[in-house]
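Novice: File target-v2.cif follows (mmCIF, C-alpha atoms):
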data_entry
#
loop_
_atom_site.label_atom_id
_atom_site.label_comp_id
_atom_site.auth_asym_id
_atom_site.auth_seq_id
_atom_site.Cartn_x
_atom_site.Cartn_y
_atom_site.Cartn_z
CA MET A 1 0.00 0.00 0.00
CA VAL A 2 1.28 3.46 -0.87
CA ALA A 3 1.89 5.80 2.06
CA TRP A 4 0.60 9.35 2.05
CA ALA A 5 2.03 12.55 3.41
CA MET A 6 -0.10 15.08 5.22
CA ASP A 7 -2.01 17.38 2.92
CA ASN A 8 -3.77 20.72 3.34
CA THR A 9 -6.92 19.13 4.78
CA TRP A 10 -5.15 19.14 8.17
CA LYS A 11 -4.73 22.00 10.63
CA THR A 12 -2.94 22.18 13.96
CA ILE A 13 -4.72 23.08 17.17
CA GLU A 14 -3.57 23.62 20.72
CA PRO A 15 -4.05 20.60 23.00
CA GLU A 16 -6.25 22.72 25.28
CA THR A 17 -8.75 23.20 22.45
CA ILE A 18 -9.54 19.50 21.95
CA SER A 19 -13.30 19.74 22.24
CA LYS A 20 -14.32 16.08 22.46
CA ASN A 21 -14.54 14.46 25.87
CA VAL A 22 -11.41 12.31 26.33
CA PHE A 23 -13.39 9.61 28.15
CA THR A 24 -15.48 9.23 25.01
CA LEU A 25 -12.55 9.56 22.60
CA ILE A 26 -10.43 6.92 24.30
CA GLY A 27 -12.77 4.71 26.27
CA LYS A 28 -15.69 4.43 23.86
CA GLU A 29 -14.44 5.40 20.38
CA TRP A 30 -10.91 3.99 20.91
CA MET A 31 -7.63 5.15 19.42
CA LEU A 32 -4.70 3.70 17.55
CA ILE A 33 -1.30 3.91 19.24
CA THR A 34 1.30 3.89 16.47
CA ALA A 35 5.09 4.06 16.52
CA GLY A 36 7.79 3.80 13.89
CA THR A 37 8.18 5.43 10.50
CA VAL A 38 5.92 5.34 7.49
CA ASP A 39 8.15 2.55 6.10
CA ASP A 40 8.41 0.48 9.32
CA TRP A 41 5.63 0.80 11.87
CA ASN A 42 3.06 -0.99 13.94
CA THR A 43 -0.22 0.10 15.44
CA MET A 44 -2.60 -1.23 18.04
CA THR A 45 -6.03 -0.27 19.27
CA ALA A 46 -6.33 1.09 22.79
CA SER A 47 -9.24 2.01 25.00
CA TRP A 48 -7.03 2.77 28.01
CA GLY A 49 -5.07 5.99 28.28
CA GLY A 50 -5.43 9.63 28.98
CA LEU A 51 -4.54 13.23 28.30
CA GLY A 52 -3.55 15.70 30.96
CA VAL A 53 -0.86 17.82 32.52
CA LEU A 54 2.24 16.41 34.22
CA TRP A 55 5.52 18.10 35.05
CA SER A 56 4.09 21.36 33.64
CA LYS A 57 3.69 19.72 30.23
CA ASN A 58 0.65 18.70 28.18
CA VAL A 59 0.98 14.92 28.01
CA SER A 60 -0.63 11.70 26.93
CA PHE A 61 -0.58 8.47 28.89
CA CYS A 62 -0.77 5.20 27.02
CA PHE A 63 -0.40 1.60 28.04
CA VAL A 64 1.20 -1.15 25.94
CA SER A 65 1.66 -4.74 27.04
CA ASN A 66 5.09 -6.27 26.51
CA SER A 67 3.40 -9.06 24.55
CA ARG A 68 2.24 -6.64 21.84
CA TYR A 69 4.26 -6.10 18.67
CA THR A 70 3.73 -2.35 19.10
CA PHE A 71 5.77 -2.60 22.33
CA GLU A 72 8.96 -3.10 20.26
CA PHE A 73 8.21 -0.03 18.15
CA MET A 74 7.35 2.10 21.18
CA ASN A 75 10.63 1.19 22.85
CA ARG A 76 12.81 2.08 19.89
CA SER A 77 10.92 5.18 18.72
CA GLU A 78 11.23 8.67 20.12
CA LEU A 79 7.77 9.63 18.86
CA TYR A 80 4.39 7.99 18.78
CA THR A 81 0.95 9.02 17.62
CA LEU A 82 -2.53 8.65 19.02
CA SER A 83 -5.01 8.58 16.16
CA PHE A 84 -8.76 9.02 16.44
CA PHE A 85 -11.35 8.10 13.82
CA ASP A 86 -14.97 8.59 12.86
CA PRO A 87 -17.34 5.71 13.76
CA GLU A 88 -17.25 4.15 10.29
CA HIS A 89 -13.67 3.02 11.02
CA LYS A 90 -14.57 1.07 14.18
CA LYS A 91 -14.26 -2.25 12.31
CA ALA A 92 -10.68 -1.36 11.29
CA LEU A 93 -9.84 -0.40 14.88
CA ASN A 94 -11.32 -3.65 16.12
CA TYR A 95 -9.13 -5.55 13.64
CA CYS A 96 -5.99 -3.65 14.74
CA GLY A 97 -6.72 -4.60 18.34
CA THR A 98 -7.38 -8.25 17.56
CA TYR A 99 -4.55 -9.20 15.19
CA SER A 100 -0.80 -8.82 15.56
CA GLY A 101 1.30 -6.89 13.08
CA ARG A 102 3.79 -9.75 13.42
CA ASP A 103 1.32 -11.96 11.55
CA VAL A 104 -0.71 -9.68 9.29
CA ASP A 105 -0.40 -6.47 7.28
CA LYS A 106 -2.85 -4.30 9.17
CA ALA A 107 -2.95 -1.63 6.47
CA ALA A 108 -3.76 -4.15 3.74
CA GLN A 109 -6.39 -5.89 5.87
CA THR A 110 -8.17 -2.73 7.05
CA GLY A 111 -7.67 -0.28 4.20
CA LEU A 112 -5.97 2.18 6.56
CA ILE A 113 -3.43 4.24 4.64
CA PRO A 114 -0.18 5.01 6.52
CA MET A 115 0.71 8.69 6.50
CA ASP A 116 4.04 10.35 7.32
CA ILE A 117 3.49 12.90 10.04
CA ASP A 118 6.37 14.74 11.70
CA GLN A 119 8.84 11.88 11.20
CA THR A 120 6.42 9.30 12.59
CA VAL A 121 3.24 7.69 11.26
CA SER A 122 -0.52 7.92 11.47
CA PHE A 123 -3.30 7.22 8.98
CA GLU A 124 -4.94 9.19 6.19
CA GLN A 125 -8.43 8.35 7.49
CA ALA A 126 -7.88 9.75 11.01
CA LYS A 127 -9.94 12.73 12.15
CA MET A 128 -7.44 13.78 14.83
CA VAL A 129 -3.82 12.85 15.44
CA ILE A 130 -1.79 13.66 18.53
CA VAL A 131 1.98 13.50 18.04
CA CYS A 132 3.86 12.75 21.25
CA ARG A 133 7.52 12.63 22.26
CA LYS A 134 8.23 10.00 24.91
CA ILE A 135 9.46 11.55 28.15
CA TYR A 136 8.94 8.68 30.61
CA HIS A 137 7.99 5.05 30.87
CA GLN A 138 7.53 2.57 33.66
CA ASP A 139 6.39 -1.02 33.90
CA ILE A 140 3.29 -1.69 35.96
CA ASP A 141 4.20 -3.49 39.18
CA PRO A 142 1.30 -5.69 40.33
CA ASP A 143 2.65 -5.60 43.90
CA LEU A 144 1.56 -1.96 43.97
CA PHE A 145 -2.12 -2.55 43.09
CA LEU A 146 -4.23 -1.08 45.88
CA ASP A 147 -7.44 -2.53 44.44
CA GLU A 148 -7.18 -6.30 44.06
CA THR A 149 -9.77 -6.32 41.27
CA ILE A 150 -7.24 -4.68 38.92
CA GLU A 151 -5.43 -8.01 38.71
CA THR A 152 -8.44 -9.46 36.84
CA ASN A 153 -7.33 -7.38 33.83
CA TYR A 154 -4.17 -9.50 33.64
CA PRO A 155 -5.07 -13.20 33.46
CA ALA A 156 -1.88 -13.84 31.44
CA LYS A 157 0.24 -11.66 33.77
CA ASP A 158 1.24 -9.56 30.74
CA TYR A 159 1.43 -6.25 32.55
CA HIS A 160 1.58 -3.00 30.66
CA ARG A 161 4.30 -0.44 30.31
CA ILE A 162 3.03 3.09 30.87
CA TYR A 163 4.37 5.64 28.40
CA VAL A 164 4.11 9.34 29.10
CA GLY A 165 4.56 11.50 26.02
CA GLU A 166 4.75 15.24 25.78
CA ILE A 167 2.20 16.39 23.23
CA GLU A 168 4.10 18.10 20.42
CA LYS A 169 1.24 18.70 17.99
CA VAL A 170 -2.43 18.03 17.60
CA TYR A 171 -3.74 17.78 14.04
CA THR A 172 -7.40 17.80 13.06
CA ARG A 173 -9.20 17.89 9.75
CA ALA A 174 -9.61 21.46 8.49
#
Turn the structure described in the file into structure tokens.

Specialist:
Amino acid sequence: MVAWAMDNTWKTIEPETISKNVFTLIGKEWMLITAGTVDDWNTMTASWGGLGVLWSKNVSFCFVSNSRYTFEFMNRSELYTLSFFDPEHKKALNYCGTYSGRDVDKAAQTGLIPMDIDQTVSFEQAKMVIVCRKIYHQDIDPDLFLDETIETNYPAKDYHRIYVGEIEKVYTRA
């Protein structure tokens, strides 16, 4: 599949002007976490994460299990993107959360078109893309769970790594 570069249908906005509720964006509509370059990338669907302020910076928080192929790309990349889509792309997001990029070509299977964006990658069909520079990560330590029900999210004991990324740019459709 041919990759695209950003075109003039995109505009940048300040993170503070994101108008959609982040609980809806992430928890209900989902997002793709993507790392790498337009020539070598992987993406995964996420419904866990957040946007906020930490260390006087606008940041994103995302969680990637060490069993996911995206984990390798997140660890070796300085940048990552969080991409949000209109509802008609929910089937593609479901696919990207169900199948591993180790085994399938997610772009070919979903019709998502990789797009170069600030030396990292997102997708032509996205409605909003947040470009983040990693500034911190830490592995979840189950010994620190204060609520024992959290453990039920980890039947395979494949705990997540938390990535904190400073938001460098937010792009939306013009």

Novice: Once the PyMOL selection byres ((chain A and resi 167) around 7) is applied to the coordinates I shared, what remains selected? I want it as a list in words.

Specialist: Asn58, Val59, Ser60, Ile130, Val131, Cys132, Arg133, Gly165, Glu166, Glu168 and Lys169 of chain A

Novice: Run the PyMOL selection byres ((chain A and resi 143-157) around 12) against the file shown and list the residues it catches, as a list in words.

Specialist: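 Residues picked by the PyMOL selection byres ((chain A and resi 143-157) around 12): Trp48, Ser65, Asn66, Ser67, Asp139, Ile140, Asp141, Pro142, Asp158, Tyr159 and His160 of chain A.
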
Novice: Could you list, with a cut-off of 9 Å and counting all atoms listed in the file, the residues of segment 63-146 of chain A near segment 26-31 of chain A, each shown with its nearest atom pair and the distance in Å rounded to one decimal, rows sorted by chain and ascending number, as a Markdown table?

Specialist:
| residue | atom | partner | partner_atom | distance |
| --- | --- | --- | --- | --- |
| A:Leu82 | CA | A:Met31 | CA | 6.2 |
| A:Ser83 | CA | A:Met31 | CA | 5.4 |
| A:Phe84 | CA | A:Met31 | CA | 5.0 |
| A:Phe85 | CA | A:Met31 | CA | 7.3 |
| A:Asp86 | CA | A:Glu29 | CA | 8.2 |
| A:Pro87 | CA | A:Glu29 | CA | 7.2 |
| A:Lys90 | CA | A:Glu29 | CA | 7.6 |
| A:Leu93 | CA | A:Met31 | CA | 7.5 |

Novice: If you count all atoms listed in the file, which residues fall within 12 Å of Arg173 of chain A, apart from same-chain ones fewer than 4 positions away, as a JSON list (two decimals) with C-alpha atoms, in the coordinates of the input?

Specialist:
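So the final result, stored in out-v9.json, reads:
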[["chain", "number", "residue", "atom", "x", "y", "z"],
["A", 6, "MET", "CA", -0.10, 15.08, 5.22],
["A", 7, "ASP", "CA", -2.01, 17.38, 2.92],
["A", 8, "ASN", "CA", -3.77, 20.72, 3.34],
["A", 9, "THR", "CA", -6.92, 19.13, 4.78],
["A", 10, "TRP", "CA", -5.15, 19.14, 8.17],
["A", 11, "LYS", "CA", -4.73, 22.00, 10.63],
["A", 12, "THR", "CA", -2.94, 22.18, 13.96],
["A", 13, "ILE", "CA", -4.72, 23.08, 17.17],
["A", 84, "PHE", "CA", -8.76, 9.02, 16.44],
["A", 85, "PHE", "CA", -11.35, 8.10, 13.82],
["A", 86, "ASP", "CA", -14.97, 8.59, 12.86],
["A", 124, "GLU", "CA", -4.94, 9.19, 6.19],
["A", 125, "GLN", "CA", -8.43, 8.35, 7.49],
["A", 126, "ALA", "CA", -7.88, 9.75, 11.01],
["A", 127, "LYS", "CA", -9.94, 12.73, 12.15],
["A", 128, "MET", "CA", -7.44, 13.78, 14.83],
["A", 129, "VAL", "CA", -3.82, 12.85, 15.44]]

Novice: Write out as a PyMOL selection string each polymer residue whose atoms come within 8 Å of Met74 of chain A, counting all atoms listed in the file; drop sequence neighbours fewer than 5 positions from it.

Specialist: chain A and resi 34-36+79-80

Novice: Using atom CA of Cys96 of chain A and atom CA of Pro114 of chain A as the two end points, give the distance in Å to one decimal.

Specialist: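 Separation between atom CA of Cys96 of chain A and atom CA of Pro114 of chain A: 13.3 Å.
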
Novice: Take atom CA of Ser47 of chain A and atom CA of Cys62 of chain A and report the distance between them in Å, one decimal.

Specialist: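 Going from atom CA of Ser47 of chain A over to atom CA of Cys62 of chain A covers 9.3 Å.
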
Novice: For a quick check of understanding, using all atoms listed in the file, which of A:Val164, A:Leu112, A:Leu51, A:Leu25 has the smallest distance to Ile135 of chain A?

Specialist: A:Val164

Novice: Residue by residue, what does the PyMOL selection byres ((chain A and resi 106) around 10) grab here? Present the result as a list in words.

Specialist: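 Checking the PyMOL selection byres ((chain A and resi 106) around 10) against this file, the residues are Asn42, Thr43, Met44, Ala92, Leu93, Tyr95, Cys96, Gly97, Tyr99, Ser100, Gly101, Arg102, Asp103, Val104, Asp105, Ala107, Ala108, Gln109, Thr110, Gly111, Leu112 and Ile113 of chain A.
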
Novice: To one decimal place, how far is atom CA of Thr81 of chain A from atom CA of Tyr69 of chain A in Å?

Specialist: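 Those two atoms sit 15.5 Å apart.
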
Novice: Just checking: using only C-alpha atoms, which residue out of A:Phe63, A:Tyr171, A:Phe71, A:Trp55 ends up closest to Phe123 of chain A?

Specialist: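 Closest to Phe123 of chain A of all the choices is A:Tyr171.
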
Novice: Which of these residues is nearest to Gln119 of chain A, using only C-alpha atoms: A:Thr98, A:Thr37, A:Thr24, A:Ser56?

Specialist: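 The closest residue to Gln119 of chain A is A:Thr37.
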
Novice: Considering only C-alpha atoms, state which residue in the set A:Leu32, A:Ala174, A:Asp40, A:Pro15 is at the smallest distance from Glu72 of chain A.

Specialist: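 Comparing A:Leu32, A:Ala174, A:Asp40, A:Pro15 against Glu72 of chain A, the winner is A:Asp40.
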